[in-house]
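Chemist: For reference, the file structure.txt (compact mmCIF, C-alpha atoms and all ligand atoms) is included below:
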# COMPACT_ATOMS: atom_id res chain seq x y z
CA MET A 1 12.25 -20.55 -23.53
CA SER A 2 12.32 -24.02 -25.05
CA GLY A 3 9.98 -26.99 -24.94
CA LYS A 4 6.31 -27.07 -24.16
CA LEU A 5 4.92 -24.37 -21.88
CA LEU A 6 3.28 -25.49 -18.66
CA PHE A 7 0.51 -22.93 -19.01
CA GLN A 8 -0.26 -21.61 -22.46
CA TRP A 9 -1.86 -18.17 -22.06
CA THR A 10 -4.69 -17.42 -24.45
CA GLU A 11 -7.14 -14.52 -24.81
CA GLU A 12 -9.77 -16.82 -23.34
CA PHE A 13 -8.30 -16.13 -19.90
CA ASN A 14 -9.00 -12.40 -20.14
CA ILE A 15 -11.63 -11.28 -17.67
CA GLY A 16 -12.01 -7.80 -19.20
CA ILE A 17 -10.12 -5.67 -16.67
CA ASP A 18 -6.94 -4.57 -18.42
CA GLU A 19 -4.58 -4.35 -15.44
CA ILE A 20 -5.75 -7.62 -13.94
CA ASP A 21 -5.42 -9.40 -17.28
CA GLU A 22 -1.86 -8.09 -17.70
CA GLN A 23 -0.94 -9.26 -14.22
CA HIS A 24 -2.50 -12.69 -14.77
CA HIS A 25 -0.40 -12.97 -17.91
CA GLY A 26 2.67 -11.96 -15.86
CA LEU A 27 1.92 -14.65 -13.27
CA VAL A 28 1.61 -17.28 -15.98
CA THR A 29 4.96 -16.18 -17.47
CA LEU A 30 6.68 -16.57 -14.07
CA LEU A 31 5.07 -19.96 -13.57
CA ASN A 32 6.34 -21.07 -16.98
CA GLN A 33 9.82 -19.80 -16.09
CA LEU A 34 9.73 -21.81 -12.88
CA HIS A 35 8.67 -24.87 -14.82
CA GLU A 36 11.52 -24.40 -17.29
CA ALA A 37 14.09 -23.88 -14.52
CA ILE A 38 13.06 -27.14 -12.87
CA ARG A 39 12.74 -29.11 -16.06
CA GLU A 40 16.10 -27.94 -17.39
CA HIS A 41 17.79 -28.46 -13.99
CA HIS A 42 18.87 -24.85 -13.49
CA GLY A 43 19.45 -25.66 -9.82
CA SER A 44 17.53 -25.10 -6.61
CA THR A 45 18.81 -21.52 -6.10
CA ALA A 46 17.52 -20.40 -9.49
CA SER A 47 14.19 -22.16 -8.95
CA ARG A 48 13.84 -20.73 -5.47
CA GLN A 49 14.50 -17.21 -6.80
CA ILE A 50 11.77 -17.55 -9.40
CA LEU A 51 9.39 -19.01 -6.80
CA ASP A 52 10.10 -16.01 -4.54
CA ARG A 53 9.40 -13.60 -7.41
CA LEU A 54 6.19 -15.47 -8.18
CA VAL A 55 5.04 -15.20 -4.56
CA GLU A 56 5.90 -11.49 -4.43
CA TYR A 57 4.09 -10.77 -7.67
CA THR A 58 1.10 -12.82 -6.53
CA ARG A 59 0.83 -10.66 -3.38
CA THR A 60 0.92 -7.44 -5.44
CA HIS A 61 -1.66 -8.86 -7.80
CA PHE A 62 -3.97 -10.02 -5.02
CA SER A 63 -3.87 -6.57 -3.41
CA LEU A 64 -4.87 -4.92 -6.70
CA GLU A 65 -7.83 -7.28 -7.06
CA GLU A 66 -8.84 -6.82 -3.44
CA SER A 67 -8.71 -3.01 -3.62
CA LEU A 68 -10.82 -2.98 -6.79
CA MET A 69 -13.30 -5.23 -4.99
CA ARG A 70 -13.35 -2.90 -2.00
CA LEU A 71 -13.81 0.22 -4.15
CA THR A 72 -16.70 -1.34 -6.04
CA ASN A 73 -18.34 -2.94 -2.99
CA TYR A 74 -18.12 -6.37 -4.59
CA PRO A 75 -20.46 -8.66 -2.62
CA GLY A 76 -18.21 -11.72 -3.12
CA ARG A 77 -15.16 -9.92 -1.73
CA ASP A 78 -14.74 -11.83 1.56
CA ALA A 79 -14.95 -15.27 -0.03
CA HIS A 80 -12.58 -14.21 -2.81
CA LYS A 81 -10.09 -12.74 -0.34
CA GLN A 82 -10.23 -15.98 1.61
CA GLN A 83 -9.16 -17.92 -1.49
CA HIS A 84 -6.20 -15.56 -1.92
CA GLU A 85 -5.19 -15.94 1.72
CA ASP A 86 -5.43 -19.73 1.57
CA LEU A 87 -3.14 -19.87 -1.45
CA ILE A 88 -0.55 -17.55 0.11
CA ARG A 89 -0.60 -19.69 3.28
CA GLN A 90 -0.08 -22.89 1.31
CA VAL A 91 2.78 -21.46 -0.74
CA GLN A 92 4.43 -20.01 2.38
CA ALA A 93 4.28 -23.44 4.05
CA LEU A 94 5.94 -24.83 0.98
CA GLN A 95 8.72 -22.25 1.00
CA THR A 96 9.46 -23.13 4.63
CA LYS A 97 9.47 -26.82 3.76
CA LEU A 98 11.89 -26.19 0.91
CA ASP A 99 14.25 -24.34 3.27
CA GLU A 100 14.06 -26.90 6.05
CA GLU A 101 14.07 -30.17 4.20
CA TRP A 102 16.12 -29.31 1.13
CA ILE A 103 13.57 -30.94 -1.06
CA ALA A 104 13.26 -30.05 -4.71
CA ILE A 105 10.29 -28.13 -6.06
CA SER A 106 8.25 -30.88 -7.60
CA PHE A 107 6.22 -31.06 -10.77
CA GLU A 108 3.32 -31.80 -8.46
CA LEU A 109 3.64 -28.28 -7.04
CA LEU A 110 3.84 -26.76 -10.51
CA HIS A 111 0.68 -28.52 -11.55
CA PHE A 112 -1.03 -27.51 -8.34
CA LEU A 113 -0.16 -23.83 -9.00
CA LYS A 114 -1.16 -24.05 -12.63
CA ASN A 115 -4.51 -25.67 -11.86
CA TRP A 116 -5.20 -23.25 -9.02
CA LEU A 117 -4.50 -20.25 -11.23
CA MET A 118 -6.48 -21.54 -14.22
CA GLN A 119 -9.48 -22.36 -12.08
CA HIS A 120 -9.31 -19.17 -10.04
CA ILE A 121 -9.08 -16.93 -13.13
CA ASN A 122 -11.83 -18.74 -14.98
CA ASP A 123 -14.20 -18.88 -12.05
CA SER A 124 -13.71 -16.38 -9.22
CA ASP A 125 -11.85 -13.64 -11.11
CA ARG A 126 -14.17 -13.85 -14.09
CA ARG A 127 -17.19 -13.51 -11.82
CA PHE A 128 -15.65 -10.32 -10.44
CA GLY A 129 -14.85 -9.13 -13.99
CA ILE A 130 -18.50 -9.44 -14.92
CA TYR A 131 -19.60 -7.59 -11.79
CA PHE A 132 -16.96 -4.89 -12.31
CA GLN A 133 -18.19 -4.12 -15.80
CA THR A 134 -21.82 -3.89 -14.74
CA ASP A 135 -22.81 -2.88 -11.19
CA GLY A 136 -19.28 -2.29 -9.97
CA LEU A 137 -18.39 0.21 -12.65
CA GLN A 138 -21.30 2.45 -11.73
CA LYS A 139 -20.17 2.58 -8.10
CA TYR A 140 -16.56 2.93 -9.15
CA ALA A 141 -17.25 5.81 -11.55
CA GLY A 142 -15.94 9.11 -10.27
CA LYS A 143 -13.20 7.56 -8.17
CA VAL A 144 -10.83 6.68 -11.03
CA SER A 145 -11.36 6.97 -14.77
CA PRO A 146 -12.57 3.51 -15.80
CA ASP A 147 -10.92 3.94 -19.21
CA GLU A 148 -7.59 3.46 -17.48
CA LEU A 149 -8.60 0.01 -16.34
CA ILE A 150 -11.16 -1.35 -18.72
CA GLN A 151 -10.53 -3.26 -21.87
CA PRO A 152 -13.47 -4.85 -23.60
CA VAL A 153 -13.63 -8.63 -23.42
CA PRO A 154 -12.91 -10.05 -26.87
CA PRO A 155 -16.01 -11.59 -28.45
CA LYS A 156 -16.31 -15.31 -27.96
CA LYS A 157 -17.56 -17.77 -30.53
CA LYS A 158 -19.41 -19.93 -28.05
CA LYS A 159 -21.51 -18.80 -25.11
CA ARG A 160 -19.87 -19.64 -21.82
CA TRP A 161 -21.68 -20.89 -18.77
CA TRP A 162 -21.73 -17.50 -17.04
CA GLN A 163 -23.25 -15.89 -20.15
CA ARG A 164 -26.00 -18.47 -20.16
CA TRP A 165 -26.39 -17.97 -16.41
CA PHE A 166 -26.85 -14.24 -16.72
CA GLY A 167 -28.95 -14.67 -19.86
CA TRP A 168 -26.44 -12.83 -22.11
FE FE B 201 -8.44 -13.44 -7.55
Write out the structure in this file as structure tokens.

Modeler:
Amino acid sequence: MSGKLLFQWTEEFNIGIDEIDEQHHGLVTLLNQLHEAIREHHGSTASRQILDRLVEYTRTHFSLEESLMRLTNYPGRDAHKQQHEDLIRQVQALQTKLDEEWIAISFELLHFLKNWLMQHINDSDRRFGIYFQTDGLQKYAGKVSPDELIQPVPPKKKKRWWQRWFGW
């Protein structure tokens, strides 16, 4: 990997659920690979292969999140699932367009994906992370050992908006 990364992963993106954090990191790595392939002109076949892997991995990741939300009776589940479905639909439309029109994957798309992911992790996923570690964990207990999934959120220097919101 050479040059500047499209999406620099930092601990700040952790939402405190180990498996989800690992998968988010994996998604960011694939997105950076796609960016590199396009920037370094590795060809449309290589780019398309990475895009396909990214879509596949995104589906797997979304199903993990959605099953954790189902198991913990997360109240925001439907709205969250809708966001996932909308993204998959948009990316699918793009894959079809790429096949039909032979257009190149643009930097505009890369930035769209990057911004979507950053915003989604920091807002919707983080909200679920907070729920999961409080109410959700109590309901989840007994179904699977939480130790397998939970990793404490690293302490933050500054209070974030959701901490102020919840009076933490
Ligand atoms: Fe999500």

Chemist: May I have the residues within 9 Å of region 85-95 of chain A as a list of chain:residue names, using all atoms listed in the file and disregarding those fewer than 3 positions away in the same chain?

Modeler: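 That gives A:Arg48, A:Leu51, A:Asp52, A:Val55, A:Thr58, A:Arg59, A:His80, A:Lys81, A:Gln82, A:Leu98, A:Asp99, A:Glu100, A:Ile105, A:Trp116.
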
Chemist: Record the distance separating CA of His42 (chain A) and CA of Glu22 (chain A), expressed in Å with one decimal.

Modeler: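 Value for the CA of His42 (chain A)-CA of Glu22 (chain A) distance: 27.0 Å.
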
Chemist: Can I get the residues close to ligand FE 201 (chain B) as a PyMOL selection string, where close means within 9 Å and we count only C-alpha atoms and all ligand atoms?

Modeler: chain A and resi 61-62+65-66+80-81+83-84+117+120-121+124-126+128

Chemist: Determine, counting all atoms listed in the file, which protein, DNA and RNA residues have an atom within 10 Å of an atom of Tyr57 (chain A); residues of the same chain fewer than 6 positions away are not included. Present the result as a count of residues only.

Modeler: 7

Chemist: Quick one, how far is CA of Ser106 (chain A) from CA of Thr29 (chain A)?

Modeler: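 Computing it gives 18.0 Å between the two atoms.
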
Chemist: Could you pull the residues within 12 Å of His111 (chain A), counting all atoms listed in the file, minus those fewer than 6 positions along the same chain, as a list in words?

Modeler: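 Contacts, with the query itself left out: Leu5, Leu6, Phe7, Leu31, Asn32, Leu34, His35, Ile105, Leu117, Met118 and Gln119 of chain A.
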